[in-house]
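Here the structure is laid out as structure tokens; the discussion comes afterwards.
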2 protein chains.
Amino acid sequence: MLKAIQNLGSPTTITTATTVGFVAYFYRLKPPHATKTSAFVSNSTSPQSLLSFYSPRTRPTKPLLFLTRKTRSLEPVRAHSTRPESRMDGTSSSSSSVAAQSSGSARKINFCQWCGGQTKHDIPDGEEKTRAICTVCGKIMYQNPKMVVGCLIEHDNKVLLCKRNIQPSYGLWTLPAGYLEIGESAAEGAIRETWEEAHAEVEIVSPFAHLDIPLIGQTYIIFLAKLKKPHFSPGPESLECQLFSLDDIPFDSLAFSSMVVTLKLYIEDVKAGSQKFHYGTINKRPGSSPSDTHAYTLDHHLQS
Amino acid sequence: MLKAIQNLGSPTTITTATTVGFVAYFYRLKPPHATKTSAFVSNSTSPQSLLSFYSPRTRPTKPLLFLTRKTRSLEPVRAHSTRPESRMDGTSSSSSSVAAQSSGSARKINFCQWCGGQTKHDIPDGEEKTRAICTVCGKIMYQNPKMVVGCLIEHDNKVLLCKRNIQPSYGLWTLPAGYLEIGESAAEGAIRETWEEAHAEVEIVSPFAHLDIPLIGQTYIIFLAKLKKPHFSPGPESLECQLFSLDDIPFDSLAFSSMVVTLKLYIEDVKAGSQKFHYGTINKRPGSSPSDTHAYTLDHHLQS
């Protein structure tokens with residue numbers, strides 16, 4: 001299960017991200033020094049005007065790899081969650097629009113979690129990005145992307161999917177996956193999530209995909225796995241669990257773009273008769289509907 | 001560069017982690033449902049007595065995959081940092097023992113970063129792990145492992161290493177690597193870190209390794225890369241940068257176990273004439289010296 005809401009940035013003129021489901025409207029700048037892009041579905045074109053948002057604080061001689069928080073920030077983006085918002089933020093609200101409380105933006109951190117002092121938002125000495133800095137104890141609140149780990153379970157030439165019993169994407173299908181916890185490995189986390197969502201005991205077969213979604217601060221780590229016993233049943237976060245043959249995968253009813261990408265790559269590998277490890281970056285096509293899980297590009301696609 | 005101190009847990013009787021350098025003493029429980037282990041260097045034996053630390057709150061029917069924070073916590077562990085502590089916690093102290101301020105443990109979070117309210121540490125409804133919960137606004141402070149991204153740069157049958165100009169592991173050699181920032185992909189982050197530490201412009205060739213270090217809440221993502229131009233020079237965090245032939249890699253002077261593992265796997269692949277993608281978990285051998293970067297096991301080693 002995905003337990004935390006993750007959001008990025010603070011209000012900006014660059015882009016408007018919605019809070020509906022996983023996908024969000026955003027523009028993605030292609031850095032000058034990024035690796036070559038292999039568009040998987042289609043190519044997005046980043047508006048040239050956005051180049052002006054590269055940080056003026058970036059060292060002139062340094063490759064401009066990404067926007068700094070000083071100059072690029074976003075509306076809060078609501079990312080994966082397998083819990084209603086009322087559970088995710090610890091309040092009783094069940095509104096699907098509740099999203100801002102766990103923003104990934106340093107600008108959103110108002111207090112020091114260690115001493116309770118108020119924060120200021122500035123660029124620390126020797127750094128280049130704006131951070132939340134405690135005005136009392138001086139500590140810096142770093143924030144980093146989170147890993148979502150899951151299993152693509154192969155059984156009798158079929159794959160196991162779970163129909164979500166929770167928002168966002170209630171009623172849509174997903175691979176069992178959720179946030180990696182501190183203290184567990186990615187493989188352990190994927191096994192745990194599979195148990196929680198499908199009550200299936202699995203053995204990891206191999207790493208399959210690493211998919212970054214930079215603008216919502218998430219990285220999907222997906223493993224190929226097999227059932228240790230031919231049993232599964234929906235956990236509390238799933239309405240049902242079902243094995244699908246590759247021809248019957250409900251691509252129009254998948255919960256997230258990351259699942260669309262993962263399953264398409266898997267089918268390609270199966271058809272090619274060659275299992276690979278895939279790395280790539282999922283970027284939403286500008287202007288596309290947030291609920292359109294097919295409106296993405298898979299950039300920097302590399303295989304091993 | 002690695003910008004944040006990461007620590008795990010709160011004081012406990014299970015293990016004592018040191019704050020010297022990257023590695024720490026710890027015991028690692030092997031979960032009943034973990035994948036099969038391929039010990040890379042040697043096998044560690046988890047004390048049976050530690051099994052009692054599995055959480056009693058874990059559902060009886062659920063695989064016991066890992067210890068919950070309710071029952072397993074650690075002394076603060078100081079993990080990678082490429083900044084002196086005086087910079088990392090925003091204070092003027094330069095003591096190498098400063099480590100507790102950015103603990104990864106929910107127990108260490110005393111205040112809500114959104115509203116400033118005091119936190120309590122309890123298991124939220126529907127969850128199984130102790131979290132820091134704001135007593136004022138009710139929000140839950142989730143904490144998750146962080147990704148460290150870096151490049152293994154191949155050039156003329158040599159690899160590029162940087163001698164660290166900062167603590168921890170001052171004067172020891174490392175691949176250029178550091179924490180992934182929100183807003184960038186892992187590949188972009190690895191390119192950025194390589195520029196910062198070696199002033200080298202690189203192109204990512206392929207993903208190479210995903211190495212979890214669960215008990216310090218870190219995951220290393222290493223890419224194979226090549227120089228776009230045959231130029232490099234030490235950045236401010238490096239004393240020098242140098243290309244090493246595989247026979248000359250200074251294994252006894254490497255900064256971190258993760259670098260030992262990565263470079264050994266790479267050499268094995270080169271000798272085998274087959275480049276692979278590696279997944280694995282690095283666990284410190286119980287009782288070994290924290291400064292012994294070779295005192296580890298590589299568990300759950302899988303290749304694609």
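Ligands are numbered from 1 in the order shown, chains are lettered A, B, ... in the order of the structure tokens, and residues start at 1 in each chain.
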
- Message: I'd like the neighbourhood of Ile182 of chain B as a ChimeraX atom specification, where a residue qualifies if any of its atoms comes within 7 Å (using only C-alpha atoms), though same-chain residues fewer than 3 positions away should be ignored.
- Response: /A:144-145,214,217

- Could you list, as JSON, numbers by chain, every residue of chain A that has an atom within 6 Å of an atom of chain B, counting only C-alpha atoms? {"A": [35, 89, 90, 91, 109, 110, 111, 112, 113, 114, 116, 138, 139, 140, 144, 145, 181, 182, 183, 184, 185, 203, 204, 206, 212, 214, 215, 217, 277, 302, 304]}

- Query: Pick from B:His155, B:Gly150, B:Asp122, B:Pro286: nearest to Lys229 of chain B, with only C-alpha atoms counted?
  - Reply: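 Distance minimum relative to Lys229 of chain B lands on B:His155.
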
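Proximity to Leu172 of chain A was assessed for A:Pro250, A:Pro290, A:Pro234, A:Gly273 counting only C-alpha atoms; the smallest distance is recorded for A:Pro250.
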
Could you name the residues that touch Ala177 of chain B at 7 Å or less, counting only C-alpha atoms, but leaving out those on the same chain fewer than 3 positions away, as a compact mmCIF listing (two decimals) with all heavy atoms, in the first residue's frame?
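Heads up, here's the output in out.txt:
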# COMPACT_ATOMS: atom_id res chain seq x y z
N MET B 1 27.28 14.61 -4.26
CA MET B 1 27.56 14.73 -2.83
C MET B 1 26.36 14.24 -2.03
O MET B 1 25.24 14.28 -2.49
CB MET B 1 27.84 16.18 -2.48
CG MET B 1 26.69 17.11 -2.83
SD MET B 1 27.13 18.82 -2.55
CE MET B 1 25.66 19.63 -3.17
N VAL B 148 20.71 7.03 -3.07
CA VAL B 148 22.01 7.61 -3.40
C VAL B 148 22.31 7.18 -4.84
O VAL B 148 22.26 5.99 -5.15
CB VAL B 148 23.11 7.10 -2.45
CG1 VAL B 148 24.47 7.66 -2.86
CG2 VAL B 148 22.79 7.47 -1.02
N VAL B 149 22.58 8.14 -5.69
CA VAL B 149 22.78 7.85 -7.11
C VAL B 149 24.20 8.21 -7.52
O VAL B 149 24.77 9.20 -7.04
CB VAL B 149 21.76 8.61 -7.98
CG1 VAL B 149 20.34 8.11 -7.69
CG2 VAL B 149 21.83 10.12 -7.73
N GLY B 150 24.77 7.40 -8.39
CA GLY B 150 26.15 7.66 -8.79
C GLY B 150 26.50 7.00 -10.10
O GLY B 150 25.70 6.27 -10.70
N CYS B 151 27.71 7.26 -10.55
CA CYS B 151 28.18 6.76 -11.85
C CYS B 151 29.45 5.93 -11.69
O CYS B 151 30.38 6.32 -10.96
CB CYS B 151 28.50 7.93 -12.79
SG CYS B 151 27.04 8.73 -13.46
N ALA B 190 22.68 11.26 -10.92
CA ALA B 190 24.01 10.66 -11.04
C ALA B 190 24.92 11.54 -11.90
O ALA B 190 26.11 11.72 -11.60
CB ALA B 190 23.90 9.26 -11.63
N GLU B 193 25.85 14.63 -9.73
CA GLU B 193 26.85 14.33 -8.71
C GLU B 193 28.23 14.14 -9.33
O GLU B 193 29.25 14.53 -8.75
CB GLU B 193 26.44 13.07 -7.94
CG GLU B 193 25.23 13.25 -7.04
CD GLU B 193 25.52 14.12 -5.83
OE1 GLU B 193 26.70 14.35 -5.51
OE2 GLU B 193 24.55 14.58 -5.20
N THR B 194 28.27 13.54 -10.51
CA THR B 194 29.55 13.33 -11.18
C THR B 194 30.18 14.67 -11.56
O THR B 194 31.39 14.85 -11.45
CB THR B 194 29.35 12.45 -12.42
OG1 THR B 194 28.78 11.20 -12.01
CG2 THR B 194 30.65 12.20 -13.15

- Item | Å distance separating atom CA of Cys241 of chain A from atom CA of Leu160 of chain A, one decimal place |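 The value is 6.8 Å.
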